[in-house]
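Source file: my_file_6.txt. Holds: compact mmCIF, N, CA and C atoms.
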# COMPACT_ATOMS: atom_id res chain seq x y z
N MET A 2 42.39 20.91 -45.43
CA MET A 2 42.27 19.48 -45.22
C MET A 2 41.98 19.17 -43.74
N GLU A 3 42.56 19.96 -42.84
CA GLU A 3 42.35 19.74 -41.41
C GLU A 3 40.88 19.95 -41.03
N LYS A 4 40.26 20.98 -41.62
CA LYS A 4 38.85 21.25 -41.33
C LYS A 4 38.00 20.06 -41.79
N TYR A 5 38.32 19.50 -42.95
CA TYR A 5 37.59 18.34 -43.47
C TYR A 5 37.70 17.16 -42.51
N ARG A 6 38.89 16.92 -42.00
CA ARG A 6 39.10 15.81 -41.05
C ARG A 6 38.28 16.00 -39.79
N GLU A 7 38.24 17.24 -39.30
CA GLU A 7 37.44 17.54 -38.11
C GLU A 7 35.95 17.34 -38.38
N GLN A 8 35.51 17.74 -39.59
CA GLN A 8 34.11 17.56 -39.95
C GLN A 8 33.76 16.07 -40.03
N VAL A 9 34.63 15.29 -40.65
CA VAL A 9 34.40 13.85 -40.76
C VAL A 9 34.41 13.21 -39.37
N GLU A 10 35.32 13.63 -38.53
CA GLU A 10 35.39 13.09 -37.16
C GLU A 10 34.10 13.41 -36.40
N LEU A 11 33.61 14.64 -36.54
CA LEU A 11 32.36 15.03 -35.88
C LEU A 11 31.20 14.20 -36.42
N TRP A 12 31.12 14.09 -37.74
CA TRP A 12 30.03 13.33 -38.35
C TRP A 12 30.04 11.88 -37.88
N GLU A 13 31.19 11.27 -37.86
CA GLU A 13 31.32 9.88 -37.43
C GLU A 13 30.96 9.73 -35.95
N ALA A 14 31.28 10.73 -35.15
CA ALA A 14 30.91 10.70 -33.73
C ALA A 14 29.40 10.77 -33.57
N ILE A 15 28.74 11.59 -34.38
CA ILE A 15 27.27 11.71 -34.33
C ILE A 15 26.64 10.37 -34.72
N VAL A 16 27.11 9.79 -35.80
CA VAL A 16 26.57 8.50 -36.26
C VAL A 16 26.78 7.43 -35.20
N LYS A 17 27.98 7.40 -34.61
CA LYS A 17 28.29 6.42 -33.57
C LYS A 17 27.37 6.60 -32.36
N LEU A 18 27.14 7.85 -31.97
CA LEU A 18 26.25 8.14 -30.85
C LEU A 18 24.83 7.65 -31.12
N VAL A 19 24.30 7.96 -32.31
CA VAL A 19 22.94 7.55 -32.66
C VAL A 19 22.82 6.03 -32.63
N ARG A 20 23.80 5.35 -33.19
CA ARG A 20 23.77 3.87 -33.20
C ARG A 20 23.83 3.32 -31.77
N ALA A 21 24.69 3.89 -30.95
CA ALA A 21 24.84 3.41 -29.57
C ALA A 21 23.56 3.63 -28.78
N VAL A 22 22.97 4.80 -28.93
CA VAL A 22 21.74 5.11 -28.21
C VAL A 22 20.61 4.19 -28.67
N ASN A 23 20.47 4.00 -29.98
CA ASN A 23 19.42 3.10 -30.49
C ASN A 23 19.64 1.67 -29.98
N ARG A 24 20.89 1.23 -29.94
CA ARG A 24 21.21 -0.12 -29.44
C ARG A 24 20.84 -0.23 -27.97
N ASP A 25 21.18 0.80 -27.19
CA ASP A 25 20.85 0.79 -25.76
C ASP A 25 19.34 0.81 -25.54
N PHE A 26 18.62 1.62 -26.33
CA PHE A 26 17.17 1.65 -26.22
C PHE A 26 16.58 0.29 -26.57
N ASP A 27 17.11 -0.33 -27.63
CA ASP A 27 16.64 -1.66 -28.00
C ASP A 27 16.81 -2.64 -26.83
N LYS A 28 17.98 -2.59 -26.18
CA LYS A 28 18.23 -3.49 -25.05
C LYS A 28 17.25 -3.22 -23.91
N GLY A 29 17.01 -1.97 -23.60
CA GLY A 29 16.09 -1.62 -22.52
C GLY A 29 14.67 -2.05 -22.81
N LEU A 30 14.26 -1.90 -24.07
CA LEU A 30 12.88 -2.23 -24.45
C LEU A 30 12.69 -3.72 -24.66
N GLN A 31 13.77 -4.46 -24.83
CA GLN A 31 13.67 -5.92 -24.97
C GLN A 31 13.03 -6.54 -23.73
N LYS A 32 13.18 -5.87 -22.60
CA LYS A 32 12.58 -6.37 -21.34
C LYS A 32 11.07 -6.56 -21.47
N ILE A 33 10.45 -5.76 -22.32
CA ILE A 33 9.01 -5.88 -22.52
C ILE A 33 8.67 -6.43 -23.90
N GLY A 34 9.69 -6.89 -24.61
CA GLY A 34 9.47 -7.60 -25.86
C GLY A 34 9.26 -6.76 -27.10
N ILE A 35 9.73 -5.51 -27.07
CA ILE A 35 9.63 -4.68 -28.28
C ILE A 35 10.97 -4.05 -28.60
N SER A 36 11.11 -3.62 -29.85
CA SER A 36 12.32 -2.92 -30.28
C SER A 36 12.08 -1.40 -30.21
N PHE A 37 13.15 -0.64 -30.37
CA PHE A 37 13.04 0.82 -30.37
C PHE A 37 12.13 1.28 -31.52
N MET A 38 12.28 0.66 -32.70
CA MET A 38 11.46 1.02 -33.85
C MET A 38 9.98 0.73 -33.56
N GLU A 39 9.70 -0.39 -32.90
CA GLU A 39 8.32 -0.71 -32.53
C GLU A 39 7.79 0.30 -31.52
N PHE A 40 8.64 0.70 -30.58
CA PHE A 40 8.25 1.73 -29.62
C PHE A 40 7.86 3.02 -30.34
N LYS A 41 8.68 3.43 -31.31
CA LYS A 41 8.40 4.68 -32.02
C LYS A 41 7.05 4.61 -32.74
N VAL A 42 6.74 3.46 -33.34
CA VAL A 42 5.44 3.31 -34.01
C VAL A 42 4.31 3.39 -32.98
N LEU A 43 4.44 2.67 -31.87
CA LEU A 43 3.42 2.74 -30.81
C LEU A 43 3.25 4.18 -30.33
N ASP A 44 4.35 4.88 -30.16
CA ASP A 44 4.32 6.26 -29.66
C ASP A 44 3.59 7.19 -30.62
N ILE A 45 3.86 7.05 -31.90
CA ILE A 45 3.19 7.90 -32.90
C ILE A 45 1.69 7.61 -32.91
N ILE A 46 1.34 6.33 -32.89
CA ILE A 46 -0.08 5.97 -32.90
C ILE A 46 -0.77 6.51 -31.64
N LYS A 47 -0.12 6.37 -30.50
CA LYS A 47 -0.70 6.85 -29.24
C LYS A 47 -0.93 8.36 -29.29
N LYS A 48 0.04 9.09 -29.81
CA LYS A 48 -0.07 10.55 -29.85
C LYS A 48 -1.12 11.02 -30.84
N GLU A 49 -1.28 10.29 -31.94
CA GLU A 49 -2.19 10.70 -33.01
C GLU A 49 -3.56 10.05 -32.92
N GLY A 50 -3.67 8.96 -32.17
CA GLY A 50 -4.91 8.18 -32.18
C GLY A 50 -4.87 7.28 -33.40
N SER A 51 -6.00 6.84 -33.86
CA SER A 51 -6.07 6.02 -35.06
C SER A 51 -5.59 6.86 -36.24
N LEU A 52 -4.64 6.33 -37.01
CA LEU A 52 -4.11 7.11 -38.12
C LEU A 52 -3.69 6.20 -39.27
N PRO A 53 -3.62 6.77 -40.48
CA PRO A 53 -3.23 5.98 -41.65
C PRO A 53 -1.76 5.56 -41.57
N MET A 54 -1.47 4.38 -42.11
CA MET A 54 -0.08 3.90 -42.14
C MET A 54 0.83 4.91 -42.84
N VAL A 55 0.29 5.54 -43.89
CA VAL A 55 1.07 6.51 -44.66
C VAL A 55 1.57 7.66 -43.79
N LYS A 56 0.76 8.06 -42.82
CA LYS A 56 1.16 9.15 -41.90
C LYS A 56 2.31 8.69 -41.01
N VAL A 57 2.30 7.43 -40.58
CA VAL A 57 3.39 6.90 -39.76
C VAL A 57 4.67 6.87 -40.58
N VAL A 58 4.56 6.49 -41.86
CA VAL A 58 5.73 6.46 -42.76
C VAL A 58 6.38 7.84 -42.80
N SER A 59 5.57 8.89 -42.96
CA SER A 59 6.14 10.24 -43.06
C SER A 59 6.69 10.72 -41.72
N GLU A 60 6.06 10.35 -40.62
CA GLU A 60 6.53 10.74 -39.29
C GLU A 60 7.88 10.11 -38.95
N MET A 61 8.06 8.86 -39.35
CA MET A 61 9.25 8.10 -38.95
C MET A 61 10.38 8.15 -39.96
N LEU A 62 10.10 8.68 -41.15
CA LEU A 62 11.10 8.67 -42.22
C LEU A 62 11.57 7.23 -42.48
N ILE A 63 10.61 6.35 -42.69
CA ILE A 63 10.84 4.94 -42.95
C ILE A 63 10.12 4.60 -44.25
N THR A 64 10.57 3.56 -44.92
CA THR A 64 9.89 3.15 -46.15
C THR A 64 8.59 2.42 -45.82
N LYS A 65 7.68 2.36 -46.78
CA LYS A 65 6.43 1.63 -46.58
C LYS A 65 6.69 0.15 -46.27
N PRO A 66 7.59 -0.52 -47.02
CA PRO A 66 7.88 -1.92 -46.68
C PRO A 66 8.49 -2.07 -45.28
N GLY A 67 9.32 -1.12 -44.89
CA GLY A 67 9.92 -1.15 -43.56
C GLY A 67 8.87 -1.03 -42.48
N LEU A 68 7.92 -0.12 -42.67
CA LEU A 68 6.84 0.05 -41.70
C LEU A 68 5.93 -1.17 -41.67
N THR A 69 5.66 -1.72 -42.84
CA THR A 69 4.81 -2.91 -42.90
C THR A 69 5.40 -4.03 -42.06
N SER A 70 6.70 -4.21 -42.15
CA SER A 70 7.39 -5.24 -41.36
C SER A 70 7.23 -4.99 -39.86
N VAL A 71 7.41 -3.74 -39.44
CA VAL A 71 7.28 -3.38 -38.02
C VAL A 71 5.84 -3.59 -37.55
N VAL A 72 4.88 -3.14 -38.37
CA VAL A 72 3.46 -3.28 -38.00
C VAL A 72 3.06 -4.75 -37.96
N ASP A 73 3.59 -5.55 -38.88
CA ASP A 73 3.32 -7.00 -38.84
C ASP A 73 3.73 -7.58 -37.49
N LYS A 74 4.90 -7.22 -37.02
CA LYS A 74 5.39 -7.71 -35.72
C LYS A 74 4.49 -7.23 -34.58
N LEU A 75 4.15 -5.95 -34.61
CA LEU A 75 3.29 -5.40 -33.56
C LEU A 75 1.91 -6.05 -33.57
N GLU A 76 1.42 -6.34 -34.75
CA GLU A 76 0.10 -6.99 -34.85
C GLU A 76 0.16 -8.43 -34.32
N ARG A 77 1.23 -9.15 -34.65
CA ARG A 77 1.40 -10.52 -34.13
C ARG A 77 1.49 -10.53 -32.61
N LYS A 78 2.07 -9.47 -32.04
CA LYS A 78 2.19 -9.36 -30.59
C LYS A 78 0.90 -8.87 -29.94
N GLY A 79 -0.08 -8.53 -30.76
CA GLY A 79 -1.37 -8.08 -30.24
C GLY A 79 -1.36 -6.64 -29.75
N LEU A 80 -0.41 -5.83 -30.23
CA LEU A 80 -0.26 -4.46 -29.75
C LEU A 80 -0.93 -3.42 -30.66
N VAL A 81 -1.10 -3.78 -31.93
CA VAL A 81 -1.65 -2.86 -32.93
C VAL A 81 -2.70 -3.60 -33.75
N LYS A 82 -3.68 -2.85 -34.19
CA LYS A 82 -4.73 -3.41 -35.05
C LYS A 82 -4.80 -2.59 -36.33
N ARG A 83 -4.84 -3.28 -37.47
CA ARG A 83 -5.07 -2.62 -38.77
C ARG A 83 -6.57 -2.64 -39.05
N GLU A 84 -7.06 -1.50 -39.54
CA GLU A 84 -8.48 -1.40 -39.90
C GLU A 84 -8.61 -0.56 -41.17
N ARG A 85 -9.55 -0.88 -41.98
CA ARG A 85 -9.83 -0.07 -43.18
C ARG A 85 -10.54 1.22 -42.76
N SER A 86 -10.17 2.29 -43.42
CA SER A 86 -10.83 3.57 -43.18
C SER A 86 -12.29 3.48 -43.62
N LEU A 87 -13.18 4.05 -42.84
CA LEU A 87 -14.60 4.07 -43.20
C LEU A 87 -14.86 5.03 -44.36
N GLN A 88 -14.04 6.07 -44.48
CA GLN A 88 -14.22 7.06 -45.54
C GLN A 88 -13.61 6.60 -46.87
N ASP A 89 -12.50 5.87 -46.80
CA ASP A 89 -11.81 5.42 -48.01
C ASP A 89 -11.22 4.04 -47.73
N ARG A 90 -11.85 3.00 -48.23
CA ARG A 90 -11.47 1.62 -47.94
C ARG A 90 -10.05 1.28 -48.38
N ARG A 91 -9.45 2.11 -49.23
CA ARG A 91 -8.07 1.86 -49.66
C ARG A 91 -7.06 2.19 -48.56
N ILE A 92 -7.46 3.00 -47.61
CA ILE A 92 -6.56 3.48 -46.55
C ILE A 92 -6.59 2.52 -45.37
N ILE A 93 -5.40 2.10 -44.94
CA ILE A 93 -5.26 1.24 -43.77
C ILE A 93 -4.96 2.12 -42.56
N MET A 94 -5.83 2.02 -41.56
CA MET A 94 -5.65 2.78 -40.34
C MET A 94 -5.01 1.90 -39.28
N LEU A 95 -4.22 2.50 -38.40
CA LEU A 95 -3.60 1.79 -37.30
C LEU A 95 -4.13 2.33 -35.98
N ARG A 96 -4.36 1.43 -35.06
CA ARG A 96 -4.74 1.86 -33.72
C ARG A 96 -4.12 0.89 -32.71
N LEU A 97 -3.93 1.39 -31.50
CA LEU A 97 -3.39 0.55 -30.44
C LEU A 97 -4.50 -0.33 -29.88
N THR A 98 -4.14 -1.54 -29.53
CA THR A 98 -5.06 -2.41 -28.80
C THR A 98 -4.93 -2.08 -27.31
N GLU A 99 -5.74 -2.72 -26.49
CA GLU A 99 -5.63 -2.51 -25.05
C GLU A 99 -4.23 -2.92 -24.57
N GLU A 100 -3.76 -4.05 -25.07
CA GLU A 100 -2.41 -4.52 -24.72
C GLU A 100 -1.35 -3.54 -25.24
N GLY A 101 -1.62 -2.95 -26.40
CA GLY A 101 -0.71 -1.94 -26.96
C GLY A 101 -0.61 -0.71 -26.08
N GLU A 102 -1.74 -0.30 -25.52
CA GLU A 102 -1.77 0.84 -24.59
C GLU A 102 -0.92 0.55 -23.36
N ILE A 103 -1.07 -0.65 -22.82
CA ILE A 103 -0.30 -1.03 -21.63
C ILE A 103 1.19 -1.06 -21.94
N THR A 104 1.53 -1.68 -23.07
CA THR A 104 2.94 -1.77 -23.48
C THR A 104 3.50 -0.37 -23.73
N TRP A 105 2.70 0.50 -24.36
CA TRP A 105 3.16 1.87 -24.62
C TRP A 105 3.49 2.58 -23.31
N ARG A 106 2.59 2.48 -22.32
CA ARG A 106 2.83 3.14 -21.03
C ARG A 106 4.12 2.64 -20.39
N THR A 107 4.32 1.34 -20.39
CA THR A 107 5.53 0.76 -19.80
C THR A 107 6.77 1.21 -20.57
N SER A 108 6.67 1.21 -21.90
CA SER A 108 7.82 1.58 -22.73
C SER A 108 8.20 3.05 -22.55
N VAL A 109 7.20 3.91 -22.34
CA VAL A 109 7.48 5.33 -22.12
C VAL A 109 8.30 5.51 -20.83
N GLU A 110 7.96 4.77 -19.81
CA GLU A 110 8.72 4.87 -18.55
C GLU A 110 10.16 4.41 -18.75
N ILE A 111 10.35 3.32 -19.48
CA ILE A 111 11.71 2.84 -19.79
C ILE A 111 12.45 3.90 -20.59
N TYR A 112 11.79 4.45 -21.59
CA TYR A 112 12.38 5.47 -22.46
C TYR A 112 12.80 6.70 -21.65
N LYS A 113 11.89 7.19 -20.79
CA LYS A 113 12.20 8.36 -19.96
C LYS A 113 13.43 8.11 -19.08
N THR A 114 13.49 6.94 -18.48
CA THR A 114 14.61 6.59 -17.61
C THR A 114 15.91 6.58 -18.40
N MET A 115 15.88 5.98 -19.57
CA MET A 115 17.10 5.89 -20.38
C MET A 115 17.55 7.26 -20.87
N VAL A 116 16.61 8.08 -21.32
CA VAL A 116 16.95 9.43 -21.77
C VAL A 116 17.58 10.21 -20.62
N SER A 117 17.00 10.12 -19.45
CA SER A 117 17.51 10.82 -18.28
C SER A 117 18.93 10.36 -17.94
N GLU A 118 19.16 9.05 -17.98
CA GLU A 118 20.50 8.52 -17.69
C GLU A 118 21.54 9.04 -18.68
N ILE A 119 21.17 9.12 -19.94
CA ILE A 119 22.11 9.59 -20.97
C ILE A 119 22.38 11.09 -20.80
N LEU A 120 21.31 11.87 -20.62
CA LEU A 120 21.47 13.32 -20.61
C LEU A 120 21.95 13.89 -19.28
N GLN A 121 21.97 13.10 -18.22
CA GLN A 121 22.49 13.61 -16.95
C GLN A 121 24.01 13.83 -17.04
N LYS A 122 24.62 13.35 -18.11
CA LYS A 122 26.06 13.51 -18.29
C LYS A 122 26.44 14.91 -18.75
N ILE A 123 25.42 15.69 -19.16
CA ILE A 123 25.71 17.07 -19.60
C ILE A 123 24.86 18.05 -18.79
N SER A 124 25.36 19.27 -18.70
CA SER A 124 24.66 20.31 -17.92
C SER A 124 23.46 20.83 -18.71
N PRO A 125 22.52 21.48 -18.02
CA PRO A 125 21.38 22.08 -18.74
C PRO A 125 21.84 23.07 -19.82
N LYS A 126 22.89 23.83 -19.53
CA LYS A 126 23.39 24.79 -20.53
C LYS A 126 23.93 24.05 -21.76
N GLU A 127 24.70 22.97 -21.52
CA GLU A 127 25.21 22.17 -22.63
C GLU A 127 24.06 21.54 -23.42
N MET A 128 23.03 21.10 -22.70
CA MET A 128 21.87 20.50 -23.36
C MET A 128 21.19 21.51 -24.28
N ASN A 129 21.00 22.73 -23.80
CA ASN A 129 20.38 23.76 -24.61
C ASN A 129 21.23 24.11 -25.83
N THR A 130 22.53 24.20 -25.64
CA THR A 130 23.44 24.48 -26.75
C THR A 130 23.38 23.37 -27.79
N LEU A 131 23.44 22.13 -27.32
CA LEU A 131 23.38 20.98 -28.21
C LEU A 131 22.07 20.95 -28.98
N LEU A 132 20.97 21.21 -28.31
CA LEU A 132 19.67 21.23 -28.95
C LEU A 132 19.61 22.31 -30.03
N GLU A 133 20.14 23.46 -29.72
CA GLU A 133 20.17 24.57 -30.67
C GLU A 133 20.97 24.17 -31.92
N ILE A 134 22.11 23.55 -31.72
CA ILE A 134 22.96 23.12 -32.84
C ILE A 134 22.25 22.05 -33.68
N ILE A 135 21.65 21.08 -33.02
CA ILE A 135 20.96 20.00 -33.74
C ILE A 135 19.80 20.56 -34.55
N ARG A 136 19.05 21.49 -33.97
CA ARG A 136 17.94 22.12 -34.71
C ARG A 136 18.45 22.84 -35.95
N ARG A 137 19.57 23.53 -35.82
CA ARG A 137 20.16 24.24 -36.94
C ARG A 137 20.60 23.27 -38.03
N LEU A 138 21.23 22.17 -37.63
CA LEU A 138 21.71 21.19 -38.59
C LEU A 138 20.58 20.42 -39.28
N SER A 139 19.46 20.28 -38.60
CA SER A 139 18.37 19.48 -39.17
C SER A 139 17.34 20.31 -39.92
N SER A 140 17.55 21.62 -40.00
CA SER A 140 16.57 22.46 -40.72
C SER A 140 16.96 22.63 -42.17

Spit out the file's structure as C-alpha cells when you get a sec.
Amino acid sequence: MEKYREQVELWEAIVKLVRAVNRDFDKGLQKIGISFMEFKVLDIIKKEGSLPMVKVVSEMLITKPGLTSVVDKLERKGLVKRERSLQDRRIIMLRLTEEGEITWRTSVEIYKTMVSEILQKISPKEMNTLLEIIRRLSS
C-alpha cells in the first residue's frame, strides 16, 4: 500500500507540474496575445511549413474540434491561413502569415526564456536523469 501511495503522490506531482508550467507559459505568451496551445500550433506549422490540419492533430495529440477552435482563433488574429490542398481539395492546409511568422519568432524567445528559468533550478546531471526517466515513461 505504501508503494501505491508513493506512486500516486509522484503522479499527482507530475500532473501539478505540467499544469503549473502550462499556466506560466500561458501568462508569458499573453504579452503577445496568444496562448500556449496557439504557440504550439504556430511552432508545428513553422517547423513543417504548410501542412494539413490532420498532421497538426496527430503532432499535438488534440482532437479535431479542439484544433479547429485553436486555428479559428489564430486565423481571426491574422496569424494562420487555411488553404485547400492543390492535390486534394478535401484537405485543409495551414500556413503561417507574415504576422504569424513575426509572432512565432517573438513567442520562441519568450518560450526559451521561460524554459531556461524553470530548468536552471536543476543541475545538468539532474536534467539528463529526468529526461531519461521521462523518455522511458513515455515510450

Legend entry - Best match for closeness to Asp27 (chain A) among A:Glu118, A:Glu13, A:Glu39, A:Glu49, counting only C-alpha atoms: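 Checking each of A:Glu118, A:Glu13, A:Glu39, A:Glu49 against Asp27 (chain A), counting only C-alpha atoms, the winner is A:Glu39.
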
Inset, instruction - Work out how far CA of Lys41 (chain A) is from CA of Ser139 (chain A), in Å to one decimal. - result: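 Separation between CA of Ser139 (chain A) and CA of Lys41 (chain A): 19.2 Å.
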
Legend entry - Long-range neighbours of region 90-106 of chain A as a ChimeraX atom specification, 8 Å cut-off, only N, CA and C atoms, 3 positions minimum in chain: /A:33,40,43-44,46-47,50-55,78-87,109-112

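Residues in contact range of region 19-26 of chain A, defined as at most 9 Å between only C-alpha atoms, with sequence neighbours fewer than 4 positions away removed, read Ala14, Ile15, Leu30, Gln31, Ser36, Phe37, Met38, Ile111, Tyr112, Met115, Val116 and Ile119 of chain A.
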
Inset, instruction - To one decimal in Å, tell me the separation between atom C of Val42 (chain A) and CA of Pro66 (chain A). - result: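 Going from atom C of Val42 (chain A) over to CA of Pro66 (chain A), I get 15.1 Å.
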